[in-house]
$ cat protein03.txt   # compact mmCIF, C-alpha atoms
# COMPACT_ATOMS: atom_id res chain seq x y z
CA MET U 1 -32.92 -5.25 -39.06
CA ASN U 2 -34.26 -1.86 -38.02
CA GLY U 3 -31.48 -1.52 -35.48
CA ILE U 4 -29.62 1.31 -33.80
CA HIS U 5 -26.76 0.80 -36.29
CA ASP U 6 -28.95 2.22 -39.08
CA MET U 7 -28.26 5.81 -38.08
CA GLY U 8 -28.51 7.84 -41.26
CA GLY U 9 -30.73 10.87 -40.64
CA MET U 10 -31.11 10.49 -36.86
CA HIS U 11 -31.18 13.59 -34.66
CA GLY U 12 -29.93 14.14 -31.15
CA LEU U 13 -26.58 12.36 -31.36
CA GLY U 14 -24.57 15.51 -30.78
CA PRO U 15 -21.88 17.35 -32.71
CA VAL U 16 -19.04 15.63 -34.55
CA ARG U 17 -15.94 15.83 -32.38
CA PRO U 18 -12.70 15.51 -34.33
CA GLU U 19 -9.57 14.91 -32.27
CA SER U 20 -6.32 16.55 -33.33
CA ASN U 21 -3.29 14.29 -33.73
CA GLU U 22 -5.41 11.24 -33.09
CA PRO U 23 -3.43 8.02 -32.63
CA VAL U 24 -4.43 4.95 -34.68
CA PHE U 25 -5.07 3.07 -31.43
CA HIS U 26 -5.79 4.99 -28.23
CA GLU U 27 -4.82 2.07 -26.03
CA ALA U 28 -2.80 -1.05 -26.69
CA TRP U 29 -5.82 -3.33 -26.18
CA GLU U 30 -7.59 -1.67 -29.11
CA GLY U 31 -4.79 -2.74 -31.43
CA ARG U 32 -4.98 -6.28 -30.06
CA VAL U 33 -8.77 -6.39 -30.63
CA PHE U 34 -8.27 -5.15 -34.18
CA ALA U 35 -5.60 -7.79 -34.83
CA LEU U 36 -7.58 -10.59 -33.14
CA ASN U 37 -10.55 -9.85 -35.38
CA SER U 38 -8.37 -9.97 -38.50
CA ALA U 39 -6.45 -13.07 -37.44
CA MET U 40 -9.56 -15.00 -36.40
CA ALA U 41 -11.29 -14.11 -39.69
CA ALA U 42 -8.60 -16.24 -41.34
CA TRP U 43 -10.41 -19.31 -39.97
CA ARG U 44 -13.15 -18.49 -42.50
CA LYS U 45 -15.77 -19.58 -39.97
CA TRP U 46 -17.72 -16.42 -40.75
CA ASN U 47 -17.79 -13.73 -43.40
CA ILE U 48 -17.85 -9.94 -43.40
CA ASP U 49 -21.65 -9.86 -43.50
CA ALA U 50 -22.03 -12.23 -40.56
CA GLY U 51 -19.50 -10.08 -38.72
CA ARG U 52 -21.42 -6.88 -39.39
CA HIS U 53 -24.66 -8.51 -38.33
CA GLN U 54 -23.09 -9.63 -35.07
CA VAL U 55 -22.39 -5.98 -34.22
CA GLU U 56 -25.98 -5.10 -35.10
CA LEU U 57 -27.16 -7.65 -32.53
CA ILE U 58 -25.59 -5.66 -29.68
CA PRO U 59 -28.59 -4.21 -27.75
CA PRO U 60 -29.15 -0.54 -28.70
CA ALA U 61 -28.27 0.99 -25.33
CA ASP U 62 -25.01 -1.01 -25.23
CA TYR U 63 -24.26 -0.22 -28.86
CA LEU U 64 -24.36 3.51 -28.10
CA ARG U 65 -22.36 3.18 -24.90
CA LEU U 66 -19.59 0.90 -26.17
CA SER U 67 -16.59 2.26 -28.03
CA TYR U 68 -15.88 0.92 -31.51
CA TYR U 69 -13.22 -1.51 -30.29
CA ALA U 70 -15.36 -2.63 -27.35
CA GLN U 71 -18.07 -3.47 -29.91
CA ARG U 72 -15.48 -5.37 -31.94
CA LEU U 73 -14.51 -7.36 -28.85
CA THR U 74 -18.13 -8.35 -28.17
CA ARG U 75 -18.58 -9.23 -31.84
CA LEU U 76 -15.50 -11.45 -31.92
CA VAL U 77 -16.39 -13.35 -28.75
CA GLU U 78 -19.96 -14.01 -29.89
CA LEU U 79 -18.87 -15.12 -33.38
CA MET U 80 -16.24 -17.51 -32.00
CA ILE U 81 -18.73 -19.07 -29.60
CA LYS U 82 -21.44 -19.34 -32.26
CA ARG U 83 -19.05 -20.98 -34.72
CA GLY U 84 -17.59 -23.39 -32.19
CA LEU U 85 -14.03 -22.06 -31.97
CA VAL U 86 -14.30 -21.42 -28.22
CA THR U 87 -16.84 -21.95 -25.49
CA ARG U 88 -18.27 -19.24 -23.26
CA GLU U 89 -16.72 -20.98 -20.30
CA GLU U 90 -13.29 -20.80 -21.92
CA VAL U 91 -13.75 -17.07 -22.55
CA GLU U 92 -14.86 -16.50 -18.95
CA THR U 93 -11.99 -18.47 -17.41
CA GLY U 94 -9.37 -17.55 -20.00
CA ARG U 95 -8.30 -21.23 -20.01
CA PRO U 96 -8.82 -23.91 -22.67
CA ALA U 97 -11.28 -26.65 -21.71
CA ARG U 98 -9.69 -29.86 -20.46
CA ASN U 99 -8.70 -32.03 -23.43
CA ALA U 100 -9.38 -29.20 -25.90
CA PRO U 101 -7.45 -29.98 -29.11
CA ARG U 102 -4.61 -27.67 -30.01
CA ALA U 103 -5.05 -26.08 -33.44
CA GLN U 104 -2.63 -24.64 -35.98
CA PRO U 105 -3.20 -20.90 -36.61
CA PRO U 106 -4.25 -20.31 -40.25
CA LEU U 107 -2.53 -16.92 -40.38
CA ALA U 108 1.21 -17.04 -39.66
CA ALA U 109 3.11 -13.79 -39.09
CA GLU U 110 5.05 -14.07 -42.36
CA ARG U 111 1.79 -14.31 -44.31
CA VAL U 112 0.29 -11.12 -42.83
CA PRO U 113 1.55 -8.69 -45.52
CA ALA U 114 0.24 -10.93 -48.32
CA ALA U 115 -3.10 -11.41 -46.55
CA ILE U 116 -3.52 -7.64 -46.17
CA ARG U 117 -2.48 -7.05 -49.78
CA THR U 118 -4.97 -9.64 -51.10
CA GLY U 119 -7.94 -8.76 -48.94
CA VAL U 120 -11.22 -10.58 -49.43
CA PRO U 121 -12.84 -9.44 -52.69
CA ALA U 122 -16.65 -9.48 -52.62
CA SER U 123 -17.07 -9.31 -56.41
CA ARG U 124 -17.95 -12.48 -58.31
CA GLU U 125 -17.44 -13.54 -61.92
CA ALA U 126 -20.91 -15.11 -62.02
CA ALA U 127 -22.80 -14.39 -65.26
CA VAL U 128 -25.80 -12.66 -63.73
CA ALA U 129 -27.85 -10.29 -65.87
CA PRO U 130 -28.43 -6.79 -64.46
CA ARG U 131 -32.07 -5.91 -63.83
CA PHE U 132 -31.45 -2.19 -64.19
CA THR U 133 -29.51 0.09 -66.51
CA VAL U 134 -27.52 3.27 -66.00
CA THR U 135 -29.75 6.41 -66.06
CA GLN U 136 -32.81 4.31 -65.10
CA ARG U 137 -35.06 5.68 -62.35
CA VAL U 138 -35.52 3.14 -59.56
CA ARG U 139 -37.28 2.94 -56.24
CA ALA U 140 -35.57 1.48 -53.19
CA ARG U 141 -37.95 -1.20 -51.99
CA THR U 142 -40.00 -0.77 -48.86
CA MET U 143 -38.92 -3.71 -46.78
CA HIS U 144 -38.09 -4.33 -43.14
CA PRO U 145 -36.17 -7.60 -42.84
CA ALA U 146 -35.50 -8.59 -39.24
CA GLY U 147 -32.13 -10.04 -40.30
CA HIS U 148 -29.15 -8.36 -41.93
CA THR U 149 -29.55 -5.87 -44.76
CA ARG U 150 -27.51 -3.06 -46.24
CA LEU U 151 -30.54 -1.06 -47.35
CA PRO U 152 -30.77 1.80 -44.86
CA ARG U 153 -34.17 2.93 -43.66
CA TYR U 154 -33.70 6.48 -44.90
CA VAL U 155 -33.85 5.45 -48.59
CA ARG U 156 -36.60 2.83 -48.45
CA GLY U 157 -39.47 3.85 -50.72
CA LYS U 158 -37.45 6.70 -52.23
CA ILE U 159 -36.76 7.23 -55.92
CA GLY U 160 -33.26 7.63 -57.33
CA THR U 161 -31.28 7.22 -60.52
CA VAL U 162 -28.85 4.44 -61.38
CA GLU U 163 -25.53 6.15 -62.09
CA ARG U 164 -23.22 3.20 -62.39
CA ASP U 165 -23.29 -0.58 -62.49
CA HIS U 166 -20.46 -1.76 -60.23
CA GLY U 167 -20.74 -5.38 -61.37
CA VAL U 168 -21.68 -8.54 -59.50
CA TYR U 169 -21.20 -8.89 -55.73
CA VAL U 170 -22.11 -11.23 -52.89
CA PHE U 171 -25.56 -10.43 -51.44
CA PRO U 172 -25.19 -9.62 -47.72
CA ASP U 173 -28.76 -10.42 -46.65
CA THR U 174 -28.28 -14.15 -47.27
CA ASN U 175 -24.50 -14.38 -46.90
CA ALA U 176 -24.72 -13.08 -43.32
CA PHE U 177 -26.62 -16.25 -42.41
CA PHE U 178 -24.52 -18.64 -44.55
CA LEU U 179 -27.56 -19.08 -46.82
CA GLY U 180 -25.65 -18.55 -50.04
CA GLU U 181 -23.87 -15.73 -51.81
CA ASN U 182 -26.72 -14.97 -54.27
CA PRO U 183 -24.34 -12.88 -56.43
CA GLN U 184 -26.09 -9.98 -58.14
CA HIS U 185 -25.43 -6.53 -59.57
CA VAL U 186 -24.69 -3.61 -57.30
CA TYR U 187 -25.43 -0.11 -58.57
CA SER U 188 -24.51 3.36 -57.48
CA VAL U 189 -27.94 4.96 -57.05
CA ARG U 190 -28.16 8.69 -56.59
CA PHE U 191 -30.99 10.22 -54.58
CA ALA U 192 -31.72 13.95 -54.59
CA ALA U 193 -31.31 15.26 -51.05
CA ARG U 194 -34.84 16.73 -51.28
CA GLU U 195 -36.28 13.33 -52.20
CA LEU U 196 -34.82 11.99 -48.95
CA TRP U 197 -35.25 14.95 -46.58
CA GLY U 198 -37.72 17.37 -48.12
CA ASP U 199 -37.42 21.12 -48.39
CA GLN U 200 -34.90 21.47 -45.59
CA ALA U 201 -32.23 20.02 -47.91
CA SER U 202 -30.34 22.00 -50.53
CA PRO U 203 -31.90 21.55 -54.00
CA ARG U 204 -28.45 20.80 -55.45
CA ASP U 205 -27.31 18.13 -53.04
CA SER U 206 -27.56 14.37 -53.36
CA VAL U 207 -26.74 11.14 -51.54
CA SER U 208 -25.47 8.10 -53.46
CA LEU U 209 -25.73 4.58 -52.10
CA ASP U 210 -24.46 1.27 -53.46
CA LEU U 211 -27.51 -0.95 -53.69
CA TRP U 212 -28.03 -4.56 -54.77
CA ASP U 213 -30.53 -5.64 -57.42
CA ASN U 214 -32.81 -7.15 -54.77
CA TYR U 215 -33.15 -3.77 -53.04
CA LEU U 216 -34.57 -2.04 -56.12
CA GLU U 217 -37.70 -1.94 -58.27
CA PRO U 218 -38.45 0.07 -61.41
CA ALA U 219 -39.89 3.51 -60.66
CA MET T 1 3.40 1.18 -8.26
CA ASP T 2 2.39 4.45 -6.69
CA ASP T 3 0.30 4.76 -3.55
CA ASP T 4 -2.95 5.36 -5.39
CA HIS T 5 -2.95 1.79 -6.60
CA ALA T 6 -3.16 0.56 -3.04
CA HIS T 7 -6.74 1.83 -2.89
CA GLY T 8 -7.72 -1.14 -4.96
CA ALA T 9 -9.91 -1.93 -7.91
CA ASP T 10 -12.81 0.25 -6.76
CA HIS T 11 -11.00 3.35 -7.89
CA GLY T 12 -9.12 1.75 -10.78
CA HIS T 13 -11.00 3.68 -13.42
CA ASP T 14 -9.63 6.94 -12.08
CA HIS T 15 -6.07 6.02 -12.92
CA GLN T 16 -4.51 5.63 -16.35
CA ALA T 17 -1.84 3.29 -15.02
CA VAL T 18 -4.32 0.66 -13.86
CA PRO T 19 -5.27 -1.72 -16.67
CA SER T 20 -8.91 -1.24 -17.56
CA ASP T 21 -11.41 -4.05 -17.35
CA LEU T 22 -11.36 -4.14 -21.16
CA ALA T 23 -7.58 -4.38 -21.30
CA LEU T 24 -7.69 -7.32 -18.90
CA ARG T 25 -10.46 -9.05 -20.84
CA VAL T 26 -8.56 -8.66 -24.10
CA LYS T 27 -5.36 -9.96 -22.54
CA SER T 28 -7.21 -12.98 -21.17
CA LEU T 29 -8.88 -13.63 -24.54
CA GLU T 30 -5.61 -13.37 -26.44
CA SER T 31 -3.86 -15.81 -24.13
CA LEU T 32 -6.76 -18.27 -24.47
CA LEU T 33 -6.66 -18.08 -28.27
CA VAL T 34 -2.88 -18.45 -28.35
CA GLU T 35 -3.02 -21.42 -25.99
CA LYS T 36 -5.65 -23.10 -28.15
CA GLY T 37 -3.47 -22.54 -31.21
CA LEU T 38 -6.13 -20.37 -32.85
CA VAL T 39 -3.90 -17.34 -33.36
CA ASP T 40 -0.19 -16.74 -33.79
CA PRO T 41 0.81 -13.87 -31.45
CA ALA T 42 3.50 -12.79 -33.93
CA ALA T 43 0.77 -12.41 -36.58
CA LEU T 44 -1.11 -10.12 -34.17
CA ASP T 45 2.04 -8.02 -33.72
CA ALA T 46 2.45 -7.84 -37.50
CA LEU T 47 -1.17 -6.74 -37.99
CA VAL T 48 -0.92 -4.01 -35.35
CA ASP T 49 2.39 -2.82 -36.78
CA ALA T 50 1.04 -2.70 -40.34
CA TYR T 51 -1.86 -0.40 -39.45
CA ALA T 52 -0.13 1.60 -36.71
CA HIS T 53 2.95 2.39 -38.79
CA LYS T 54 2.73 1.43 -42.47
CA ILE T 55 -0.76 1.76 -43.91
CA GLY T 56 -2.17 5.27 -43.54
CA PRO T 57 -3.26 8.47 -45.27
CA ARG T 58 0.20 9.12 -46.71
CA ASN T 59 -0.67 6.38 -49.23
CA GLY T 60 -3.80 8.19 -50.35
CA ALA T 61 -1.91 11.49 -50.47
CA ARG T 62 0.53 9.98 -52.98
CA VAL T 63 -2.39 8.83 -55.13
CA VAL T 64 -3.89 12.33 -55.08
CA ALA T 65 -0.57 14.04 -55.82
CA ARG T 66 0.05 11.71 -58.76
CA ALA T 67 -3.41 12.50 -60.14
CA TRP T 68 -2.64 16.23 -59.82
CA VAL T 69 0.58 16.03 -61.83
CA ASP T 70 -0.26 13.29 -64.32
CA PRO T 71 -3.49 13.76 -66.34
CA ALA T 72 -3.28 10.27 -67.84
CA TYR T 73 -3.00 8.77 -64.33
CA LYS T 74 -5.99 10.84 -63.20
CA ARG T 75 -8.06 9.50 -66.09
CA ARG T 76 -7.15 5.93 -65.13
CA LEU T 77 -7.88 6.69 -61.47
CA LEU T 78 -11.37 7.97 -62.24
CA ALA T 79 -12.08 5.11 -64.66
CA ASP T 80 -10.72 2.22 -62.55
CA ALA T 81 -9.55 3.40 -59.15
CA THR T 82 -8.65 -0.08 -57.86
CA ALA T 83 -6.20 -0.66 -60.74
CA ALA T 84 -4.77 2.87 -60.69
CA ILE T 85 -4.19 2.75 -56.92
CA ALA T 86 -2.52 -0.65 -57.35
CA GLU T 87 -0.07 0.99 -59.78
CA LEU T 88 1.35 2.83 -56.75
CA GLY T 89 1.50 -0.38 -54.77
CA TYR T 90 -1.62 -0.01 -52.62
CA GLY T 91 -4.63 -2.26 -52.35
CA GLY T 92 -6.13 -5.21 -50.51
CA ALA T 93 -8.15 -5.41 -47.30
CA GLN T 94 -11.03 -2.89 -47.32
CA GLY T 95 -9.83 -1.45 -50.62
CA GLU T 96 -10.58 -4.43 -52.85
CA HIS T 97 -13.08 -2.33 -54.83
CA MET T 98 -12.22 1.36 -55.00
CA ARG T 99 -13.92 4.41 -56.47
CA VAL T 100 -12.56 7.94 -56.57
CA ALA T 101 -14.94 10.93 -56.39
CA GLU T 102 -13.47 14.08 -57.90
CA ASN T 103 -14.07 17.50 -56.39
CA THR T 104 -14.51 20.32 -58.92
CA PRO T 105 -15.40 24.01 -58.66
CA THR T 106 -19.07 22.94 -58.70
CA VAL T 107 -19.04 19.59 -56.84
CA HIS T 108 -17.90 18.74 -53.32
CA ASN T 109 -17.82 15.07 -52.29
CA LEU T 110 -18.20 13.68 -48.78
CA VAL T 111 -17.81 10.03 -47.72
CA VAL T 112 -19.64 8.30 -44.87
CA CYS T 113 -20.76 4.84 -43.79
CA THR T 114 -24.09 5.26 -42.04
CA LEU T 115 -24.50 1.54 -41.24
CA CYS T 116 -21.08 0.79 -39.75
CA SER T 117 -17.60 2.13 -40.39
CA CYS T 118 -16.59 1.25 -43.98
CA TYR T 119 -13.46 3.15 -44.97
CA PRO T 120 -10.71 2.69 -47.59
CA TRP T 121 -7.96 1.17 -45.43
CA PRO T 122 -5.18 0.75 -48.04
CA VAL T 123 -5.15 4.46 -48.86
CA LEU T 124 -6.32 6.06 -45.58
CA GLY T 125 -5.47 3.50 -42.88
CA LEU T 126 -7.97 2.83 -40.11
CA PRO T 127 -10.72 5.44 -39.62
CA PRO T 128 -10.58 8.11 -36.89
CA VAL T 129 -13.05 7.89 -34.00
CA TRP T 130 -15.21 10.75 -35.33
CA TYR T 131 -15.76 8.96 -38.65
CA LYS T 132 -17.16 5.95 -36.75
CA SER T 133 -19.15 8.11 -34.34
CA ALA T 134 -22.94 8.08 -34.16
CA ALA T 135 -23.00 11.84 -34.70
CA TYR T 136 -21.13 11.73 -38.02
CA ARG T 137 -22.94 8.65 -39.33
CA ALA T 138 -26.33 10.16 -38.48
CA ARG T 139 -25.72 13.68 -39.77
CA ALA T 140 -23.48 13.36 -42.84
CA VAL T 141 -26.45 12.31 -44.99
CA ILE T 142 -29.15 14.65 -43.64
CA ASP T 143 -27.05 17.72 -42.86
CA PRO T 144 -23.77 17.48 -44.78
CA ARG T 145 -23.35 21.24 -45.00
CA GLY T 146 -23.81 21.59 -41.24
CA VAL T 147 -21.22 18.88 -40.59
CA LEU T 148 -18.78 20.52 -43.02
CA ARG T 149 -19.29 23.87 -41.29
CA GLU T 150 -18.27 22.27 -37.98
CA PHE T 151 -15.08 21.16 -39.70
CA GLY T 152 -14.56 24.78 -40.77
CA LEU T 153 -15.60 24.24 -44.36
CA GLU T 154 -18.32 26.50 -45.74
CA VAL T 155 -19.52 25.10 -49.08
CA PRO T 156 -21.11 27.86 -51.20
CA GLU T 157 -24.77 27.39 -52.17
CA HIS T 158 -23.92 27.08 -55.88
CA VAL T 159 -21.66 24.09 -55.18
CA GLU T 160 -23.35 20.71 -55.13
CA VAL T 161 -22.61 18.48 -52.14
CA ARG T 162 -22.52 14.81 -53.09
CA VAL T 163 -22.55 12.39 -50.19
CA TRP T 164 -21.38 8.81 -50.74
CA ASP T 165 -22.84 6.35 -48.23
CA SER T 166 -20.61 3.24 -48.34
CA THR T 167 -23.39 0.68 -48.09
CA ALA T 168 -21.69 -2.07 -50.14
CA GLU T 169 -18.08 -3.25 -50.60
CA ILE T 170 -17.05 -0.30 -52.76
CA ARG T 171 -14.80 2.10 -50.87
CA TYR T 172 -14.55 5.81 -51.68
CA LEU T 173 -11.64 8.24 -51.81
CA VAL T 174 -12.20 11.93 -52.51
CA LEU T 175 -9.85 13.53 -55.03
CA PRO T 176 -9.63 17.10 -53.74
CA GLU T 177 -9.00 20.09 -56.00
CA ARG T 178 -5.37 21.03 -56.35
CA PRO T 179 -4.92 24.19 -54.27
CA ALA T 180 -4.13 27.50 -55.91
CA GLY T 181 -0.51 28.47 -55.46
CA SER T 182 0.76 24.89 -55.77
CA GLU T 183 1.74 25.20 -59.44
CA GLY T 184 5.48 25.01 -58.92
CA LEU T 185 5.44 22.12 -56.47
CA GLY T 186 6.68 18.61 -57.21
CA GLU T 187 4.78 15.43 -56.43
CA GLU T 188 6.31 14.94 -52.97
CA ALA T 189 5.57 18.50 -51.89
CA LEU T 190 2.04 18.22 -53.25
CA ALA T 191 1.44 14.99 -51.33
CA ALA T 192 2.41 16.83 -48.14
CA LEU T 193 -0.56 19.19 -48.68
CA VAL T 194 -3.08 16.34 -48.85
CA THR T 195 -4.65 15.55 -45.49
CA ARG T 196 -6.73 12.55 -44.48
CA ASP T 197 -9.70 14.84 -43.91
CA ALA T 198 -9.43 16.24 -47.44
CA MET T 199 -9.66 12.69 -48.82
CA ILE T 200 -12.81 11.98 -46.74
CA GLY T 201 -14.25 15.29 -47.90
CA VAL T 202 -14.45 17.21 -44.61
CA ALA T 203 -11.57 19.56 -45.46
CA LYS T 204 -9.67 21.11 -48.34
CA PRO T 205 -5.98 20.41 -48.89
CA ALA T 206 -3.55 22.69 -47.09
CA VAL T 207 -2.61 25.86 -48.92
CA PRO T 208 1.08 25.88 -49.87
CA ARG T 209 3.18 28.39 -47.93
CA ALA T 210 4.08 30.42 -51.00
CA GLY T 211 0.41 30.45 -51.98
CA ARG T 212 -0.57 32.25 -48.78
CA THR T 213 1.30 35.37 -49.75
CA ALA T 214 0.71 35.13 -53.50
$ encode --input "protein03.txt" --output "structure tokens"
Amino acid sequence: MNGIHDMGGMHGLGPVRPESNEPVFHEAWEGRVFALNSAMAAWRKWNIDAGRHQVELIPPADYLRLSYYAQRLTRLVELMIKRGLVTREEVETGRPARNAPRAQPPLAAERVPAAIRTGVPASREAAVAPRFTVTQRVRARTMHPAGHTRLPRYVRGKIGTVERDHGVYVFPDTNAFFLGENPQHVYSVRFAARELWGDQASPRDSVSLDLWDNYLEPA
Amino acid sequence: MDDDHAHGADHGHDHQAVPSDLALRVKSLESLLVEKGLVDPAALDALVDAYAHKIGPRNGARVVARAWVDPAYKRRLLADATAAIAELGYGGAQGEHMRVAENTPTVHNLVVCTLCSCYPWPVLGLPPVWYKSAAYRARAVIDPRGVLREFGLEVPEHVEVRVWDSTAEIRYLVLPERPAGSEGLGEEALAALVTRDAMIGVAKPAVPRAGRTA
């Protein structure tokens, strides 16, 4: 979707403000939100793409106003309600519904180190032929899907060069809606900065993006 | 409780000691999920502890230092970063698929995620607020040299700036150039020069003390 999250190239968002000696979590609740997101993901009721899309659905003005962990809290609540793990009433009251069944958490404390160490690989062994080859010139497709996509607006219609074939990965645009993994090749595609931004960019500079087969066409 | 708290919730946001609305909401949500048996509170503690205390940029610094002292390791790191990083015991969540971008005298690499906040957790830990900020995500791709200047890094015109926008599940770590004056240092001392910012690409490694006077 052409949402506020797709920020590459926007103006007016101010200077970057690094903080010295920044703590990992500024407040205890941020750590809990981080952990709740990780622990609830173990239910496998959603995937990383559905999770990202849920953040994109936060209305633009709220998206800009909310801190990262406040966004993550909104995301988690909406995903849990959507996928039937809790009801909105339960979230509002903080109490389980009468007669709600008691579940068994899928992620026990002793399994946390192994779960972190394994992660959730997005690559697939599927035998899918690549549609493009390294050194090939490609154009990022002009498309404006209203759903989830990882093709940022600032490269759509632009020409770049395939620099590397990363192999086969789950396709976010369908996976985000549980419509199938559609595994396909992902390539590192390098765009000259001037192709993206015109003469204001340095002639030497470039931006590389990792793009799925479906995002590209021969140039 | 001090007297200020007696003024009530209206002024709560003025005082650090009063739990914020968000803190209360999170507490309420956690207790609901625990009561429903959806999460194990000890697992939450373990997750917070792992990222607050164990998984952070010191991991990435060890990878960089090893690459500086061991040419064969550096070759493996550039060819298959996921496997080479796993040799040092790091990997997993948000580092399942790693790539390393090497800085040279003619190339400077910079990592961003314009669409969200993708970041190589196993080697750098969780990202700082500025990395996730709208300003960085918007500007790193259109004005990388301006962003670097704000971090105090002037990249000469003859050096190419390569920005890596983490749009898929591949996560990027910058391999900075080994600083001049670090020739005599061992791996541990070298790792101490490698900052988080240098591995994102917004800084250079620290200059060793001896190097400053050399």
$ residues_around --input "protein03.txt" --residues "region 195-206 of chain U" --least-positions-apart "6" --cutoff "6 Å" --atoms "all atoms listed in the file" --output "PyMOL selection string"
chain T and resi 160-162
$ residues_around --input "protein03.txt" --residues "region 42-55 of chain U" --least-positions-apart "5" --cutoff "6 Å" --atoms "only C-alpha atoms" --output "list in words"
Arg75, His148, Pro172 and Ala176 of chain U
$ write_last_selection --input "protein03.txt" --atoms "C-alpha atoms" --output "CSV table (one decimal), in the frame of the given file"
chain,number,residue,atom,x,y,z
U,75,ARG,CA,-18.6,-9.2,-31.8
U,148,HIS,CA,-29.2,-8.4,-41.9
U,172,PRO,CA,-25.2,-9.6,-47.7
U,176,ALA,CA,-24.7,-13.1,-43.3
$ closest_atom_pairs --input "protein03.txt" --of "chain T" --to "chain U" --cutoff "7 Å" --atoms "only C-alpha atoms" --output "tab-separated table"
residue	atom	partner	partner_atom	distance
T:Ala23	CA	U:Trp29	CA	5.3
T:Val26	CA	U:Trp29	CA	6.3
T:Ser28	CA	U:Gly94	CA	5.2
T:Leu29	CA	U:Gly94	CA	6.0
T:Leu32	CA	U:Gly94	CA	5.2
T:Lys36	CA	U:Arg102	CA	5.0
T:Gly37	CA	U:Ala103	CA	4.5
T:Leu38	CA	U:Pro105	CA	4.8
T:Val39	CA	U:Pro105	CA	4.9
T:Asp40	CA	U:Pro105	CA	5.9
T:Ala42	CA	U:Ala109	CA	5.3
T:Ala43	CA	U:Ala109	CA	3.7
T:Leu44	CA	U:Ala35	CA	5.1
T:Ala46	CA	U:Ala109	CA	6.2
T:Leu47	CA	U:Ala35	CA	5.5
T:Val48	CA	U:Gly31	CA	5.7
T:Ala52	CA	U:Val24	CA	5.8
T:Gly91	CA	U:Arg117	CA	5.8
T:Gly92	CA	U:Arg117	CA	4.2
T:Ala93	CA	U:Gly119	CA	3.7
T:Gln94	CA	U:Gly119	CA	6.8
T:Glu96	CA	U:Pro121	CA	5.5
T:Thr114	CA	U:Gly8	CA	5.2
T:Leu115	CA	U:Asp6	CA	5.0
T:Cys116	CA	U:His5	CA	6.7
T:Leu126	CA	U:Val24	CA	6.8
T:Trp130	CA	U:Pro18	CA	5.5
T:Ala134	CA	U:Leu13	CA	6.3
T:Ala135	CA	U:Leu13	CA	4.9
T:Tyr136	CA	U:Val16	CA	5.6
T:Arg137	CA	U:Gly8	CA	6.0
T:Ala138	CA	U:Gly8	CA	4.2
T:Arg139	CA	U:Gly9	CA	5.8
T:Val141	CA	U:Gly8	CA	6.2
T:Ile142	CA	U:Gly9	CA	5.1
T:Glu160	CA	U:Arg204	CA	5.1
T:Val161	CA	U:Asp205	CA	4.8
T:Arg162	CA	U:Ser206	CA	5.1
T:Val163	CA	U:Val207	CA	4.6
T:Trp164	CA	U:Ser208	CA	5.0
T:Asp165	CA	U:Leu209	CA	5.1
T:Ser166	CA	U:Leu209	CA	6.5
T:Thr167	CA	U:Asp210	CA	5.5
T:Ala168	CA	U:Asp210	CA	5.5
T:Glu169	CA	U:Ala122	CA	6.7
$ closest_residue --input "protein03.txt" --among "U:Asp62, U:Glu181, U:Glu163, U:Asp173" --to "Gly147 (chain U)" --atoms "only C-alpha atoms"
U:Asp173
$ residues_around --input "protein03.txt" --residues "Ser182 (chain T)" --least-positions-apart "3" --cutoff "10 Å" --atoms "all atoms listed in the file" --output "count of residues only"
13
$ residues_around --input "protein03.txt" --residues "Ile55 (chain T)" --least-positions-apart "5" --cutoff "8 Å" --atoms "only C-alpha atoms" --output "list in words"
Ala50, Trp121, Pro122, Val123, Leu124 and Gly125 of chain T
$ atom_distance --input "protein03.txt" --atom1 "CA of Arg156 (chain U)" --atom2 "CA of Glu150 (chain T)"
28.7 Å
$ atom_distance --input "protein03.txt" --atom1 "CA of Asn59 (chain T)" --atom2 "CA of Leu110 (chain T)"
19.0 Å
$ atom_distance --input "protein03.txt" --atom1 "CA of Asn182 (chain U)" --atom2 "CA of Arg131 (chain U)"
14.2 Å
$ residues_around --input "protein03.txt" --residues "Ala127 (chain U)" --least-positions-apart "6" --cutoff "12 Å" --atoms "all atoms listed in the file" --output "PyMOL selection string"
chain U and resi 167-169+182-185
$ decode --input "protein03.txt" --residues "region 93-111 of chain U" --atoms "C-alpha atoms" --output "tab-separated table (two decimals), in the first residue's frame"
chain	number	residue	atom	x	y	z
U	93	THR	CA	-11.10	-5.14	30.52
U	94	GLY	CA	-7.79	-6.95	30.99
U	95	ARG	CA	-9.80	-10.04	32.05
U	96	PRO	CA	-10.42	-13.30	30.19
U	97	ALA	CA	-13.99	-13.80	28.99
U	98	ARG	CA	-16.13	-16.02	31.21
U	99	ASN	CA	-15.51	-19.68	30.33
U	100	ALA	CA	-12.52	-18.78	28.12
U	101	PRO	CA	-10.38	-21.93	27.76
U	102	ARG	CA	-6.95	-21.85	29.33
U	103	ALA	CA	-4.17	-22.50	26.80
U	104	GLN	CA	-0.63	-23.82	27.10
U	105	PRO	CA	2.01	-21.26	26.04
U	106	PRO	CA	3.93	-22.52	22.97
U	107	LEU	CA	7.14	-20.79	24.05
U	108	ALA	CA	8.44	-21.89	27.45
U	109	ALA	CA	11.25	-19.93	29.11
U	110	GLU	CA	13.78	-22.74	28.69
U	111	ARG	CA	13.15	-22.79	24.94
